[in-house]
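Enquirer: Contents are mmCIF, C-alpha atoms; file name structure09.cif:
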```cif
data_start
#
loop_
_atom_site.label_atom_id
_atom_site.label_comp_id
_atom_site.auth_asym_id
_atom_site.auth_seq_id
_atom_site.Cartn_x
_atom_site.Cartn_y
_atom_site.Cartn_z
CA MET A 204 -3.21 -4.28 19.15
CA ILE A 205 -0.88 -2.97 16.41
CA ALA A 206 -3.29 -0.14 15.60
CA PHE A 207 -3.43 0.84 19.28
CA LEU A 208 0.36 0.78 19.58
CA ASN A 209 0.69 2.85 16.39
CA THR A 210 -1.69 5.43 17.82
CA ILE A 211 0.14 5.65 21.15
CA THR A 212 3.50 5.99 19.38
CA PHE A 213 2.13 8.68 17.07
CA LEU A 214 0.80 10.67 20.04
CA TRP A 215 4.09 10.24 21.90
CA LEU A 216 6.14 11.58 18.97
CA ALA A 217 3.58 14.32 18.31
CA ALA A 218 3.86 15.51 21.91
CA TRP A 219 7.64 15.70 21.64
CA ALA A 220 7.39 17.51 18.29
CA CYS A 221 5.00 20.07 19.80
CA TYR A 222 7.37 20.58 22.71
CA ALA A 223 10.29 21.05 20.29
CA VAL A 224 8.30 23.65 18.31
CA ARG A 225 7.44 25.46 21.54
CA CYS A 226 11.11 25.55 22.56
CA LEU A 227 12.19 26.87 19.15
CA ALA A 228 9.46 29.52 19.23
CA ARG A 229 10.93 30.75 22.52
CA GLY A 230 14.41 30.97 21.00
CA ASP A 231 15.96 27.69 22.20
CA ARG A 232 18.87 26.89 19.85
CA HIS A 233 19.55 23.21 20.58
CA SER A 234 19.99 21.44 17.24
CA ILE A 235 18.36 18.23 18.45
CA LEU A 236 14.99 20.00 18.59
CA PHE A 237 14.88 20.13 14.79
CA VAL A 238 15.74 16.43 14.63
CA ILE A 239 12.82 15.54 16.92
CA ILE A 240 10.43 17.33 14.56
CA ILE A 241 11.86 15.55 11.51
CA LEU A 242 11.53 12.20 13.29
CA PHE A 243 7.84 12.89 13.87
CA VAL A 244 7.29 13.77 10.19
CA PHE A 245 9.14 10.79 8.72
CA CYS A 246 8.43 8.13 11.34
CA GLY A 247 5.40 9.29 13.35
CA VAL A 248 2.97 10.56 10.72
CA PRO A 249 3.13 7.25 8.75
CA LEU A 250 1.82 5.47 11.85
CA ALA A 251 -1.29 7.67 11.86
CA ALA A 252 -1.68 7.01 8.13
CA ASP A 253 -1.56 3.25 8.77
CA VAL A 254 -4.40 3.56 11.30
CA ILE A 255 -6.57 5.96 9.30
CA VAL A 256 -5.91 4.92 5.68
CA GLY A 257 -4.12 1.60 6.02
CA CYS A 258 -0.76 0.22 4.90
CA PRO A 259 0.24 0.86 1.28
CA GLU A 260 -0.19 -2.09 -1.04
CA TYR A 261 3.52 -2.37 -1.93
CA ALA A 262 2.53 -4.64 -4.82
CA LYS A 263 5.87 -4.14 -6.60
CA TYR A 264 7.93 -4.12 -3.42
CA PRO A 265 7.71 -7.55 -1.76
CA GLY A 266 10.25 -6.69 0.93
CA PHE A 267 8.22 -3.72 2.13
CA TYR A 268 5.01 -5.74 1.93
CA ASP A 269 6.32 -8.49 4.22
CA ALA A 270 7.87 -6.08 6.72
CA SER A 271 4.81 -3.82 6.95
CA ARG A 272 2.48 -6.77 7.67
CA ASP A 273 4.62 -8.45 10.32
CA GLY A 274 3.41 -7.94 13.90
CA PRO A 275 6.72 -8.28 15.82
CA THR A 276 8.38 -5.93 13.33
CA SER A 277 5.73 -3.27 13.92
CA ILE A 278 6.03 -3.60 17.72
CA ILE A 279 9.83 -3.26 17.66
CA TYR A 280 9.56 -0.32 15.27
CA CYS A 281 7.25 1.58 17.61
CA LEU A 282 9.51 0.92 20.59
CA TYR A 283 12.56 1.95 18.58
CA VAL A 284 11.34 5.31 17.31
CA SER A 285 9.80 6.07 20.71
CA SER A 286 13.13 5.52 22.44
CA CYS A 287 15.00 7.75 19.98
CA VAL A 288 13.61 10.96 21.47
CA LEU A 289 14.65 9.86 24.96
CA ILE A 290 18.21 9.12 23.79
CA TRP A 291 18.37 12.48 22.05
CA TRP A 292 16.98 14.35 25.04
CA PHE A 293 19.52 12.89 27.47
CA LEU A 294 22.55 12.80 25.12
CA GLY A 295 21.88 15.49 22.51
CA ILE A 296 21.20 18.45 24.82
CA GLY A 297 24.39 20.32 25.63
CA ASP A 298 25.21 23.30 27.84
CA PRO A 299 22.39 25.86 27.33
CA THR A 300 24.76 28.79 27.92
CA LYS A 301 27.04 27.66 25.08
CA VAL A 302 24.17 27.00 22.68
CA SER A 303 22.68 30.43 23.28
CA ARG A 304 25.99 32.22 22.57
CA ASP A 305 27.56 32.92 19.21
CA ARG A 306 31.04 34.01 20.17
CA SER A 307 33.06 32.37 17.40
CA ASP A 308 34.20 34.59 14.54
CA ALA A 309 36.40 32.01 12.83
CA PHE A 310 34.18 32.00 9.73
CA SER A 311 33.07 35.65 9.71
CA SER A 312 36.03 37.21 7.93
CA PRO A 313 35.67 38.99 4.57
CA VAL A 314 37.86 36.32 2.98
CA VAL A 315 35.34 33.63 3.90
CA GLN A 316 32.52 35.78 2.53
CA VAL A 317 34.29 36.12 -0.82
CA LEU A 318 34.91 32.36 -0.81
CA CYS A 319 31.17 31.75 -0.33
CA TYR A 320 30.36 33.85 -3.38
CA VAL A 321 32.98 31.92 -5.36
CA LEU A 322 31.38 28.63 -4.27
CA MET A 323 28.06 29.81 -5.69
CA LEU A 324 29.69 30.06 -9.14
CA LEU A 325 30.97 26.48 -9.12
CA PRO A 326 27.80 24.93 -10.67
CA LEU A 327 28.18 27.15 -13.76
CA VAL A 328 31.80 26.09 -14.12
CA ALA A 329 30.83 22.41 -13.74
CA VAL A 330 28.12 22.78 -16.42
CA PHE A 331 30.57 24.46 -18.79
CA LEU A 332 32.98 21.52 -18.34
CA ALA A 333 30.24 18.87 -18.64
CA PRO A 334 30.22 16.60 -21.75
CA ASN A 335 26.78 17.90 -22.75
CA PRO A 336 26.12 21.40 -21.33
CA SER A 337 22.90 21.75 -23.35
CA LEU A 338 21.39 19.05 -21.14
CA TYR A 339 20.94 21.67 -18.41
CA ALA A 340 18.93 24.03 -20.60
CA HIS A 341 15.79 22.30 -19.32
CA TYR A 342 14.86 21.60 -15.72
CA GLY A 343 15.30 18.10 -14.33
CA ALA A 344 18.48 17.09 -16.14
CA ALA A 345 19.10 14.53 -13.39
CA LEU A 346 16.15 12.51 -14.75
CA ASP A 347 17.39 12.48 -18.34
CA ASP A 348 17.98 8.99 -19.74
CA SER A 349 21.48 9.92 -20.92
CA VAL A 350 22.56 10.43 -17.30
CA ARG A 351 21.77 6.77 -16.62
CA ILE A 352 23.05 5.32 -19.90
CA ASP A 353 26.15 7.34 -20.84
CA ASP A 354 28.96 6.99 -18.29
CA SER A 355 30.67 10.25 -19.31
CA VAL A 356 27.43 12.22 -18.99
CA ALA A 357 26.74 10.56 -15.64
CA ALA A 358 30.22 11.49 -14.40
CA GLY A 359 29.70 15.06 -15.57
CA HIS A 360 26.38 15.28 -13.77
CA THR A 361 28.00 13.95 -10.62
CA ARG A 362 30.45 16.85 -10.77
CA VAL A 363 27.56 19.28 -11.29
CA THR A 364 25.75 17.79 -8.27
CA LEU A 365 28.84 18.14 -6.06
CA ALA A 366 29.30 21.73 -7.26
CA CYS A 367 25.65 22.46 -6.40
CA GLN A 368 26.14 21.06 -2.92
CA ALA A 369 29.21 23.25 -2.41
CA ALA A 370 27.27 26.25 -3.71
CA PHE A 371 24.47 25.48 -1.28
CA VAL A 372 26.91 25.58 1.64
CA GLY A 373 28.15 28.95 0.42
CA ALA A 374 24.61 30.31 0.07
CA ALA A 375 23.66 29.05 3.53
CA CYS A 376 26.68 30.76 5.11
CA LEU A 377 25.83 34.04 3.36
CA LEU A 378 22.24 33.89 4.59
CA LEU A 379 23.54 33.47 8.15
CA TRP A 380 26.07 36.29 7.85
CA PRO A 381 26.02 38.59 10.93
CA LYS A 382 25.84 41.66 8.71
CA ARG A 383 23.41 42.27 5.87
CA ALA A 384 24.28 40.23 2.76
CA ASN A 385 23.16 40.73 -0.84
CA LEU A 386 19.90 38.80 -0.49
CA PRO A 387 18.65 39.21 -4.11
CA LEU A 388 21.96 37.91 -5.47
CA ILE A 389 21.89 34.97 -3.05
CA LEU A 390 18.32 34.06 -4.04
CA VAL A 391 19.21 34.18 -7.75
CA GLY A 392 22.14 31.87 -7.05
CA MET A 393 19.90 29.46 -5.12
CA VAL A 394 17.39 29.33 -7.98
CA MET A 395 20.24 28.61 -10.39
CA LEU A 396 21.70 25.75 -8.37
CA ALA A 397 18.22 24.26 -7.81
CA TRP A 398 17.68 24.29 -11.59
CA LEU A 399 21.05 22.68 -12.34
CA HIS A 400 20.74 20.11 -9.55
CA GLY A 401 17.35 19.04 -10.88
CA LYS A 402 15.97 17.19 -7.86
CA ARG A 403 13.44 17.98 -5.16
CA ASN A 404 15.75 17.59 -2.20
CA ILE A 405 17.81 20.68 -3.02
CA VAL A 406 14.62 22.79 -3.17
CA ALA A 407 13.54 21.41 0.20
CA MET A 408 16.94 22.21 1.72
CA GLU A 409 16.90 25.74 0.30
CA LEU A 410 13.49 26.49 1.76
CA LEU A 411 14.52 25.04 5.09
CA VAL A 412 17.77 27.02 5.23
CA LEU A 413 15.82 30.21 4.47
CA PHE A 414 13.47 29.30 7.31
CA TYR A 415 16.39 28.52 9.61
CA ALA A 416 18.21 31.78 8.78
CA ALA A 417 15.08 33.82 9.51
CA TRP A 418 14.57 31.95 12.79
CA ARG A 419 18.23 32.30 13.77
CA LYS A 420 18.14 36.07 13.25
CA GLY A 421 15.08 36.36 15.48
CA HIS A 422 12.46 37.06 12.81
CA LEU A 423 10.43 33.93 13.64
CA ARG A 424 9.24 33.80 17.22
CA GLY A 425 5.98 32.75 18.84
CA SER A 426 3.03 32.08 16.55
CA ARG A 427 4.93 33.46 13.55
CA LEU A 428 7.22 30.42 13.66
CA LEU A 429 4.29 28.02 13.36
CA ALA A 430 2.61 30.07 10.61
CA VAL A 431 5.74 30.29 8.46
CA GLY A 432 6.60 26.65 9.15
CA CYS A 433 3.18 25.52 7.91
CA SER A 434 3.56 27.75 4.84
CA VAL A 435 6.92 26.17 4.03
CA ALA A 436 5.36 22.69 4.37
CA ILE A 437 2.54 23.66 1.99
CA VAL A 438 4.99 25.05 -0.58
CA LEU A 439 7.09 21.89 -0.36
CA GLY A 440 4.01 19.71 -0.84
CA ALA A 441 2.83 21.72 -3.84
CA PHE A 442 6.26 21.64 -5.46
CA SER A 443 6.56 17.91 -4.82
CA TYR A 444 3.22 17.30 -6.54
CA PHE A 445 4.30 19.45 -9.49
CA TYR A 446 7.56 17.51 -9.70
CA GLN A 447 5.83 14.14 -9.56
CA VAL A 448 3.34 15.02 -12.29
CA ASN A 449 5.56 16.95 -14.68
CA MET A 450 8.99 15.43 -14.17
CA ARG A 451 8.40 11.83 -13.07
CA PHE A 452 4.91 11.47 -14.59
CA ILE A 453 3.57 10.06 -11.34
CA ALA A 454 0.41 11.07 -9.50
CA GLY A 455 -1.36 12.38 -12.58
CA ASN A 456 -5.06 12.18 -13.34
CA ASP A 457 -4.77 8.62 -14.65
CA THR A 458 -2.98 7.34 -11.54
CA ALA A 459 -4.99 5.31 -9.04
CA MET A 460 -5.34 6.84 -5.57
CA SER A 461 -3.70 3.78 -4.04
CA ASP A 462 -0.59 4.44 -6.14
CA VAL A 463 -0.61 8.13 -5.20
CA TYR A 464 -0.84 7.18 -1.53
CA GLN A 465 1.98 4.68 -1.91
CA ASN A 466 4.23 7.23 -3.63
CA VAL A 467 3.60 9.76 -0.86
CA ARG A 468 4.48 7.17 1.77
CA LEU A 469 7.66 6.20 -0.09
CA ASP A 470 8.73 9.84 -0.44
CA TYR A 471 7.85 11.17 3.01
CA GLY A 472 8.09 8.11 5.23
CA ARG A 473 11.05 6.15 6.56
CA ASP A 474 8.97 3.59 8.40
CA ASP A 475 9.19 1.23 5.43
CA VAL A 476 12.99 1.00 5.33
CA ILE A 477 13.32 0.89 9.13
CA LYS A 478 10.79 -1.93 9.32
CA LEU A 479 12.62 -3.73 6.51
CA ALA A 480 15.87 -3.63 8.52
CA ILE A 481 14.10 -4.92 11.65
CA TYR A 482 12.34 -7.62 9.63
CA SER A 483 15.66 -8.72 8.14
CA GLU A 484 17.14 -9.08 11.63
CA LEU A 485 14.16 -11.05 12.90
CA TYR A 486 14.11 -13.38 9.89
CA PRO A 487 17.66 -13.55 8.49
CA ASP A 488 16.85 -16.70 6.53
CA GLN A 489 14.61 -14.62 4.27
CA GLY A 490 17.47 -12.29 3.38
CA ARG A 491 19.54 -9.50 4.85
CA ILE A 492 20.09 -6.00 3.53
CA LEU A 493 23.88 -6.02 3.52
CA GLU A 494 26.03 -8.94 2.46
CA TYR A 495 28.14 -8.59 5.63
CA ARG A 496 28.25 -6.34 8.69
CA GLY A 497 29.81 -2.94 8.13
CA GLN A 498 29.59 -3.12 4.34
CA SER A 499 28.22 0.39 3.89
CA LEU A 500 30.80 1.72 6.36
CA LEU A 501 33.49 0.25 4.12
CA PHE A 502 31.96 2.12 1.19
CA TYR A 503 32.16 5.44 3.08
CA SER A 504 35.82 4.81 3.95
CA ALA A 505 36.57 4.23 0.27
CA ILE A 506 34.22 6.83 -1.19
CA PHE A 507 37.08 8.63 -2.98
CA ILE A 508 38.37 5.46 -4.67
CA PRO A 509 36.99 5.18 -8.23
CA ARG A 510 35.12 1.99 -9.01
CA GLU A 511 37.42 1.48 -12.01
CA VAL A 512 40.33 1.14 -9.58
CA TRP A 513 38.39 -1.13 -7.21
CA PRO A 514 35.74 -3.06 -9.17
CA GLU A 515 34.63 -4.95 -6.03
CA LYS A 516 34.04 -1.77 -4.09
CA PRO A 517 30.75 -1.98 -2.13
CA TRP A 518 27.71 -0.13 -3.44
CA PRO A 519 26.12 2.76 -1.56
CA TYR A 520 23.79 1.60 1.18
CA ALA A 521 20.64 2.63 -0.73
CA VAL A 522 21.48 0.14 -3.49
CA TYR A 523 21.36 -2.76 -1.00
CA VAL A 524 18.10 -1.54 0.53
CA THR A 525 16.52 -1.32 -2.91
CA ALA A 526 17.74 -4.81 -3.81
CA ARG A 527 16.36 -6.26 -0.55
CA MET A 528 13.06 -4.46 -1.10
CA LEU A 529 12.75 -6.00 -4.58
CA GLU A 530 14.25 -9.30 -3.36
CA ASN A 531 16.90 -9.11 -6.08
CA PRO A 532 20.70 -9.41 -5.98
CA PRO A 533 22.45 -6.10 -5.22
CA ARG A 534 23.17 -4.04 -8.34
CA SER A 535 22.86 -0.42 -9.38
CA LEU A 536 19.52 0.29 -11.06
CA GLY A 537 20.06 4.01 -11.65
CA TRP A 538 17.58 4.76 -8.87
CA SER A 539 17.23 3.75 -5.24
CA MET A 540 14.99 4.10 -2.21
CA THR A 541 15.54 6.87 0.28
CA THR A 542 16.94 5.56 3.55
CA SER A 543 17.77 6.62 7.09
CA VAL A 544 20.69 6.19 9.46
CA LEU A 545 18.28 4.63 11.96
CA GLU A 546 17.98 1.47 9.90
CA GLU A 547 21.44 1.64 8.32
CA ALA A 548 22.92 1.31 11.81
CA ILE A 549 20.84 -1.84 12.33
CA ALA A 550 21.95 -3.33 9.01
CA ASN A 551 25.61 -2.63 9.83
CA CYS A 552 25.73 -3.47 13.54
CA GLY A 553 22.72 -5.68 14.27
CA TRP A 554 20.46 -4.97 17.24
CA ILE A 555 23.07 -2.76 18.93
CA GLY A 556 22.61 -0.43 15.98
CA MET A 557 19.25 0.57 17.49
CA PHE A 558 21.32 2.38 20.11
CA LEU A 559 24.29 3.46 17.97
CA GLY A 560 22.18 5.14 15.27
CA PRO A 561 20.36 7.59 17.58
CA VAL A 562 23.54 8.16 19.60
CA LEU A 563 25.42 9.19 16.45
CA ILE A 564 22.84 11.89 15.75
CA ALA A 565 22.89 13.03 19.39
CA LEU A 566 26.69 13.37 19.37
CA ILE A 567 26.67 15.32 16.10
CA CYS A 568 24.17 17.79 17.56
CA ARG A 569 26.01 18.10 20.86
CA ILE A 570 29.41 18.62 19.25
CA GLY A 571 28.06 21.12 16.73
CA ASP A 572 26.26 23.13 19.42
CA SER A 573 29.38 23.25 21.60
CA CYS A 574 31.29 25.19 18.93
CA GLU A 575 29.17 28.29 19.64
CA ASP A 576 29.17 29.24 15.96
CA ARG A 577 26.07 30.01 13.87
CA PHE A 578 27.54 28.55 10.67
CA ILE A 579 28.54 25.27 12.30
CA GLN A 580 25.20 24.95 14.06
CA ALA A 581 23.30 25.47 10.80
CA LEU A 582 25.38 22.74 9.16
CA THR A 583 24.83 20.59 12.25
CA VAL A 584 21.05 20.87 11.96
CA MET A 585 21.15 20.12 8.26
CA ASN A 586 23.41 17.05 8.54
CA ALA A 587 21.54 15.61 11.52
CA CYS A 588 18.19 15.98 9.74
CA LEU A 589 19.56 14.59 6.48
CA LEU A 590 20.80 11.50 8.31
CA LEU A 591 17.14 10.78 9.07
CA ALA A 592 16.08 11.30 5.46
CA VAL A 593 18.78 9.93 3.09
CA HIS A 594 21.95 7.86 3.18
CA LEU A 595 25.27 9.58 3.80
CA ALA A 596 26.54 9.10 0.23
CA ALA A 597 23.93 11.62 -0.95
CA PHE A 598 25.35 14.47 1.15
CA TRP A 599 28.85 13.45 2.15
CA THR A 600 30.20 16.85 1.03
CA PHE A 601 28.03 18.55 3.67
CA MET A 602 29.28 16.17 6.34
CA LEU A 603 32.88 16.66 5.22
CA ALA A 604 32.43 20.44 5.46
CA TRP A 605 30.96 20.01 8.95
CA VAL A 606 33.92 17.91 10.12
CA ALA A 607 36.41 20.44 8.74
CA MET A 608 34.62 23.42 10.31
CA VAL A 609 34.28 21.70 13.69
CA ALA A 610 37.96 20.69 13.67
CA TRP A 611 39.00 24.25 12.84
CA SER A 612 36.75 25.75 15.50
CA LYS A 613 37.98 23.33 18.17
CA SER A 614 41.61 24.00 17.26
CA GLN A 615 41.02 27.74 17.54
CA THR A 616 39.32 27.29 20.92
CA THR A 617 42.18 25.11 22.18
CA ALA A 618 44.77 27.63 21.01
CA ALA A 619 42.88 30.49 22.70
CA ARG A 620 42.62 28.48 25.92
CA SER A 621 46.35 27.73 25.85
CA ARG A 622 47.18 31.42 25.39
CA ARG A 623 44.87 32.26 28.29
CA VAL A 624 46.59 29.71 30.54
CA VAL A 625 50.04 31.05 29.67
CA ARG A 626 48.87 34.62 30.33
CA ASP A 627 47.40 33.65 33.70
CA VAL A 628 50.59 31.83 34.73
CA ARG A 629 52.71 34.81 33.81
CA HIS A 630 50.40 37.12 35.71
CA GLU A 631 50.58 34.90 38.79
CA GLU A 632 54.38 34.77 38.61
CA PHE A 633 54.47 38.54 38.26
CA CYS A 634 52.29 38.97 41.35
CA HIS A 635 54.74 36.92 43.45
CA LEU A 636 57.74 39.07 42.58
CA ASP A 637 59.04 41.58 45.12
CA GLY A 638 59.25 45.29 44.35
CA ALA A 639 62.76 45.33 42.84
CA GLU A 640 62.23 42.24 40.75
CA ARG A 641 58.88 43.60 39.54
CA SER A 642 60.52 46.86 38.41
CA VAL A 643 63.17 44.95 36.48
CA HIS A 644 60.49 42.71 34.95
CA GLU A 645 58.42 45.71 33.87
CA ARG A 646 61.46 47.45 32.25
CA SER A 647 62.29 44.21 30.36
#
```
What do you get writing this file as structure tokens?
Expert:
Amino acid sequence: MIAFLNTITFLWLAAWACYAVRCLARGDRHSILFVIIILFVFCGVPLAADVIVGCPEYAKYPGFYDASRDGPTSIIYCLYVSSCVLIWWFLGIGDPTKVSRDRSDAFSSPVVQVLCYVLMLLPLVAVFLAPNPSLYAHYGAALDDSVRIDDSVAAGHTRVTLACQAAFVGAACLLLWPKRANLPLILVGMVMLAWLHGKRNIVAMELLVLFYAAWRKGHLRGSRLLAVGCSVAIVLGAFSYFYQVNMRFIAGNDTAMSDVYQNVRLDYGRDDVIKLAIYSELYPDQGRILEYRGQSLLFYSAIFIPREVWPEKPWPYAVYVTARMLENPPRSLGWSMTTSVLEEAIANCGWIGMFLGPVLIALICRIGDSCEDRFIQALTVMNACLLLAVHLAAFWTFMLAWVAMVAWSKSQTTAARSRRVVRDVRHEEFCHLDGAERSVHERS
């Protein structure tokens, strides 16, 4: 029965993903369409893998093993991810006329363009100020043992990572610029920040933003969209394999195929963490992910408070997921599992989180689309998709930038609407004046 349900769910999500691709190929700009495709990749494809290949062994991950073999957990998971696309379709689709327009010029001034170029220089400044700048002479500095052991080096690398994220926002805005930007210079800057960041996710985001910019400017329509999209997926897969073999020494010739399969599932699937959250709700006596409801939300509200000031500050959500997966007490291990907002909402809010998590993504997409601005919509797509792939602490700077840009855009729209109302009122008053009064009014 579980295999049949997995197959039906996979086909359901695949059909929605195909429909989303078709809409994008025709020029539809709703942000939620990208999210539907990401859901299929991270939550639908693993279901087909379970039917064709089987569940990963999870020999070192007892939490994942128990959750992946539990029947009720698998049934609820299939119903959950199937309902997400319905919630997004009814709540995440805004006014088509607003989504298709790009009338806002709040972020198109030359000053903003110069600021974007300045942002791209921040990683070099952060490296120069780092305790050990020579660490970044080789690729993959984030995996160096000193980053995990030495607190000062770790703090320096955190600053480099934040600078790289800010530089990425600047590069993305330049790629989306209405007029022609200096593409070679932007690409050199993107290669630099990918090198200094040292992880795969920044490379994936750079390729995706290049794809998005080309699509947004109308270069990818019809079959070309599918061809380029498949090419991007192949490049990402090849780079991921290179990274695993050469940087993490995983998936080499001496690695068993079962371990390779498990690593792929851990990297490109979120079914494991979502099932773990469902399993923890079904069987709370065997352990929960968070120590109390809303614990990771408390961390986000205090993200700027140093741990030295608040030693009892909660850990990022991924730390608790990793601890539950290993069935250990929560503590930072220097690494963590990749997570998703779909199961984080469950861990924070219980069963109602199965509604709140998808609704959060739908609202982000709807609000971002309503701003009628290409820069905000690009950041909307990125943040909404990242919420399905990692926990918020990994990209909070992107989300903070999105909030600031949306607030600014809405304030500008409100001010313009107020000026329009005042102008209309004055015009109506002027029309009601008699001839003499109108002459006096015109002379004044």
Enquirer: Using the chain letters and residue numbers of this document, give as a PyMOL selection string the residues selected by the PyMOL selection byres ((chain A and resi 599-604) around 8).
Expert: chain A and resi 365+368-369+372+582+586+595-598+605-608
Enquirer: Could you write those residues out with C-alpha atoms, as a short mmCIF file (atom, residue, chain, number, x, y, z; two decimals), keeping the file's coordinate frame?
Expert:
```
data_model
loop_
_atom_site.label_atom_id
_atom_site.label_comp_id
_atom_site.auth_asym_id
_atom_site.auth_seq_id
_atom_site.Cartn_x
_atom_site.Cartn_y
_atom_site.Cartn_z
CA LEU A 365 28.84 18.14 -6.06
CA GLN A 368 26.14 21.06 -2.92
CA ALA A 369 29.21 23.25 -2.41
CA VAL A 372 26.91 25.58 1.64
CA LEU A 582 25.38 22.74 9.16
CA ASN A 586 23.41 17.05 8.54
CA LEU A 595 25.27 9.58 3.80
CA ALA A 596 26.54 9.10 0.23
CA ALA A 597 23.93 11.62 -0.95
CA PHE A 598 25.35 14.47 1.15
CA TRP A 605 30.96 20.01 8.95
CA VAL A 606 33.92 17.91 10.12
CA ALA A 607 36.41 20.44 8.74
CA MET A 608 34.62 23.42 10.31
#
```
Enquirer: Can you measure atom CA of Ser426 of chain A to atom CA of Leu227 of chain A for me? One decimal in Å is fine.
Expert: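 The value is 10.9 Å.
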Enquirer: Hey, can you check how far atom CA of Arg569 of chain A sits from atom CA of Ala223 of chain A?
Expert: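 Atom-to-atom, atom CA of Arg569 of chain A to atom CA of Ala223 of chain A, that is 16.0 Å.
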Enquirer: Of the residues A:Ile235, A:Gly274, A:Tyr268, A:Leu250, which is the one nearest to Leu214 of chain A, using all atoms listed in the file?
Expert: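 Closest candidate: A:Leu250.
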Enquirer: Could you spell out the hits of the PyMOL selection byres ((chain A and resi 572) around 10) on the shown file, as a PyMOL selection string?
Expert: chain A and resi 232-235+295-299+301-305+566-571+573-577+579-581+583-584+609
Enquirer: Given the file shown, determine the residues that the PyMOL selection byres ((chain A and resi 537) around 12) selects; report them as a PyMOL selection string.
Expert: chain A and resi 345-354+357+518-519+521-522+525+534-536+538-540
Enquirer: I want to know what sits within 7 Å of segment 462-474 of chain A, based on all atoms listed in the file, with residues of the same chain fewer than 6 positions away left out; could you give that as JSON, numbers by chain?
Expert: {"A": [245, 246, 249, 259, 454, 542, 543]}
Enquirer: Counting only C-alpha atoms, which of A:Arg403, A:His360, A:Arg424, A:Arg491 gets nearest to Tyr444 of chain A?
Expert: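 Smallest distance to Tyr444 of chain A is found for A:Arg403.
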